[in-house]
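Below is one structure, written out as structure tokens, with a few remarks after it.
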Amino acid sequence: MTERASSGTPAGVVTTAVGQVVAAAGPVLRLRGVGWSVRGVPIVEDVSFDVREGEFIAFIGPNGAGKTSLFNLISGIHPATHGAIELDGADITTESVHGRARRGLGRTFQTSSLWTGMTVSDHVRLAAQAAAGPGASYRIWRRAGLYAPQVTETLERTELAHRADTLAGALSHGEKRKLELAVLLVSDPRLILLDEPMAGVSAEEVPALTALIRSVHRDLGRTVLMVEHHMDVLLGLADRLAVMHHGTLLALDTPAAVMADATVQQAYLGEGL
Ligand SMILES: Nc1ncnc2c1ncn2[C@@H]1O[C@H](COP(=O)(O)OP(=O)(O)OP(=O)(O)O)[C@@H](O)[C@H]1O
Ligand SMILES: [Mg+2]
């Protein structure tokens with residue numbers, strides 16, 4: 001069914017091709033003129049886009065283009081110095097990282113964020129506890145079984161059940177990335193930001209990790225934003241491709257349209273896509 005927003009209708013109302021008026025689900029995430037300057041130097045500038053429920057958007061761009069900085073603004077690690085960010089229609093521009101997480105926004109980091117001396121299952125259990133809120137803090141160690149079903153399910157989904165008692169430091173790079181995903185998934189986020197989930201992963205481990213991310217998107221129905229340099233990986237996953245360049249959003253469209261875009265090609269001359 002083709003849907004078209006008819007001119008003159010209020011926001012959130014869509015007239016379909018056959019004239020039916022339906023309530024349109026708003027974007028999950030909306031950025032309007034978002035920017036971040038550090039000591040007057042702009043790092044991210046005037047970024048605006050909407051993310052639809054269930055969408056997968058891959059972010060590309062040269063080193064230093066501002067991809068991680070943009071994810072930091074969306075997840076609340078740095079407050080935006082310009083513009084506004086909405087999650088499910090609520091203004092979260094000044095909301096804390098935890099507040100955004102409680103609303104269903106979760107992220108992984110470009111560099112590993114694991115405790116090498118802690119087991120795989122303890123990582124996931126602690127994340128489940130953190131998601132349950134501060135009231136659960138002391139109960140967890142007395143009643144370690146409290147989160148056992150969640151932990152088991154998450155480890156099975158991320159293909160780490162056989163590594164439950166292994167220390168994170170003993171995992172392969174691919175398994176570490178899976179564990180970071182497990183830590184994220186156990187808190188049940190609806191909007192997931194993945195910053196270079198393949199970084200440091202061996203070529204043999206990339207297909208399994210790609211399949212896992214695809215299943216989080218398709219089978220669990222999560223909305224995903226992902227920074228990734230591996231074009232072969234992201235072209236098989238992404239509905240839309242976003243190109244960052246010198247802190248701005250240069251293009252956001254279907255992968256085919258972005259690859260054919262003359263401005264994008266020009267921006268990448270000498271830098272390689
Ligand atoms: N906290 C900060 N203070 C000052 N400058 C920063 C800070 N964080 C990032 N930058 C600068 O902002 C620019 C964008 O960095 P960012 O890490 O967002 O790029 P990126 O697109 O993620 O690059 P990469 O592909 O290498 O991960 C860089 O020039 C970086 O040095
Ligand atoms: Mg980065």
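As shown in the structure tokens, the chain order sets the letters A, B, ...; within each chain, residues go from 1, and ligands are also counted from 1 in the order they appear.
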Exercise for review: Write out as number ranges by chain the residues lying within 12 Å of A:Val233, counting only C-alpha atoms and excluding same-chain residues fewer than 2 positions away.
Suggested key: A: 58, 60, 196-198, 203, 206-214, 226-231, 235-238
Go ahead and write the selection's residues with C-alpha atoms as a PDB file, in the first residue's frame.
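Saved as selection_34.pdb:
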```pdb
ATOM      1  CA  ALA A  58      24.166   1.998   8.723  1.00  0.00           C
ATOM      2  CA  ILE A  60      29.651   5.263   7.232  1.00  0.00           C
ATOM      3  CA  GLU A 196      31.704  -0.731  14.818  1.00  0.00           C
ATOM      4  CA  PRO A 197      30.604  -4.137  16.159  1.00  0.00           C
ATOM      5  CA  MET A 198      33.060  -5.893  13.807  1.00  0.00           C
ATOM      6  CA  ALA A 203      37.431 -12.453   8.983  1.00  0.00           C
ATOM      7  CA  VAL A 206      32.452 -11.817  10.749  1.00  0.00           C
ATOM      8  CA  PRO A 207      29.686 -13.940   9.085  1.00  0.00           C
ATOM      9  CA  ALA A 208      28.381 -15.331  12.416  1.00  0.00           C
ATOM     10  CA  LEU A 209      28.387 -11.883  14.000  1.00  0.00           C
ATOM     11  CA  THR A 210      26.620 -10.433  10.962  1.00  0.00           C
ATOM     12  CA  ALA A 211      23.975 -13.181  11.175  1.00  0.00           C
ATOM     13  CA  LEU A 212      23.469 -12.424  14.865  1.00  0.00           C
ATOM     14  CA  ILE A 213      22.971  -8.707  14.221  1.00  0.00           C
ATOM     15  CA  ARG A 214      20.571  -9.546  11.374  1.00  0.00           C
ATOM     16  CA  MET A 226      25.140   0.820  13.238  1.00  0.00           C
ATOM     17  CA  VAL A 227      28.494   2.386  12.431  1.00  0.00           C
ATOM     18  CA  GLU A 228      30.453   0.020  10.240  1.00  0.00           C
ATOM     19  CA  HIS A 229      33.383   0.224   7.856  1.00  0.00           C
ATOM     20  CA  HIS A 230      32.828  -3.212   6.268  1.00  0.00           C
ATOM     21  CA  MET A 231      30.700  -2.309   3.233  1.00  0.00           C
ATOM     22  CA  LEU A 235      25.012  -3.619   2.509  1.00  0.00           C
ATOM     23  CA  GLY A 236      23.409  -6.952   3.477  1.00  0.00           C
ATOM     24  CA  LEU A 237      21.838  -5.447   6.600  1.00  0.00           C
ATOM     25  CA  ALA A 238      20.927  -1.812   6.084  1.00  0.00           C
TER      26      ALA A 238
END
```
Compile a residue-level contact table for chain A against ligand 1 at a cut-off of 7 Å, reporting for every qualifying residue the shortest atom pair and its distance in Å to one decimal, with only C-alpha atoms and all ligand atoms counted, rows ordered by chain and ascending number, as a tab-separated table.
```
residue	atom	partner	partner_atom_place_in_ligand_line	distance
A:Val38	CA	ligand 1	4 (C)	5.7
A:Ile43	CA	ligand 1	12 (O)	4.9
A:Gly61	CA	ligand 1	21 (O)	6.2
A:Pro62	CA	ligand 1	25 (O)	5.7
A:Asn63	CA	ligand 1	25 (O)	3.5
A:Gly64	CA	ligand 1	19 (O)	3.4
A:Ala65	CA	ligand 1	21 (O)	3.8
A:Gly66	CA	ligand 1	18 (O)	3.2
A:Lys67	CA	ligand 1	21 (O)	3.7
A:Thr68	CA	ligand 1	22 (O)	3.7
A:Ser69	CA	ligand 1	18 (O)	3.6
A:Leu70	CA	ligand 1	18 (O)	6.4
A:Gly247	CA	ligand 1	14 (C)	6.8
```
Exercise for review: Run DSSP on the backbone and grab whatever in stretch 135-250 of chain A lands in alpha helix (DSSP H); send it over as number ranges by chain.
Suggested key: A: 139-142, 148-157, 173-185, 206-218, 231-235
Check your understanding: If we count only C-alpha atoms, what is near A:Leu220 at a cut-off of 12 Å, once residues fewer than 3 positions away on the same chain are taken out, given as JSON, numbers by chain?
Key -> {"A": [54, 154, 157, 185, 188, 189, 190, 191, 192, 212, 213, 214, 215, 216, 217, 223, 224]}
Practice item. For each of A:Asn72, A:Ser187, A:Ser37, A:Ser172, take the minimum atom-to-atom distance to A:Gln110, counting only C-alpha atoms, then give the residue where this is smallest. Key: A:Asn72
Practice item. Name the residues of stretch 5-194 of chain A that come out as strand (DSSP E or B) in a backbone DSSP run; write them as an NGL selection string. Key: :A and (13-16 or 21-23 or 29-38 or 41-51 or 56-60 or 82-87 or 90-91 or 105-107 or 119 or 167 or 191-194)
Point to revise | Test item: residues at most 6 Å from A:Arg32, only C-alpha atoms, excluding those fewer than 6 positions along its chain, as a list of chain:residue names | key: A:Ser48, A:Gly83, A:Ala84
Output file for the selection above: C-alpha atoms, as a short mmCIF file (atom, residue, chain, number, x, y, z; two decimals), in the first residue's frame:
```cif
data_model
loop_
_atom_site.label_atom_id
_atom_site.label_comp_id
_atom_site.auth_asym_id
_atom_site.auth_seq_id
_atom_site.Cartn_x
_atom_site.Cartn_y
_atom_site.Cartn_z
CA SER A 48 18.55 16.11 11.16
CA GLY A 83 19.23 21.16 18.30
CA ALA A 84 16.78 18.63 19.69
#
```
**Study point:** Exercise: A:Val243 partners within 7 Å, only C-alpha atoms, chain neighbours under 6 positions left out, as a ChimeraX atom specification
**Key:** /A:59-61,249-252
Check your understanding: Nearest to A:Val47 among A:His173, A:His82, A:Arg102, A:Arg163, with distances taken over only C-alpha atoms: which residue is it?
Key -> A:His82
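Remark: for A:Thr93, the closest of the candidate residues A:Gly76, A:Ser121, A:Glu159, A:Val41 is A:Gly76 (distances computed over only C-alpha atoms).
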Exercise for review: Rounded to one decimal place, report the atom CA of A:Arg107-atom CA of A:Gly145 distance in Å.
Suggested key: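 Straight-line distance from atom CA of A:Arg107 to atom CA of A:Gly145 works out to 26.0 Å.
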Review point. What gap, in Å, lies between atom CA of A:Gln150 and atom CA of A:His98?
Key: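 That distance, rounded to one decimal, is 20.5 Å.
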Review point. Which of these, A:Asp195, A:Asp239, A:Glu156, A:Asp122, has the shortest distance to ligand 2 once you count only C-alpha atoms and all ligand atoms?
Key: A:Asp195
Review point. What separation in Å, quoted to one decimal, exists between atom CA of A:Ala164 and atom CA of A:Arg103?
Key: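 So the two atoms, atom CA of A:Ala164 and atom CA of A:Arg103, lie 28.6 Å apart.
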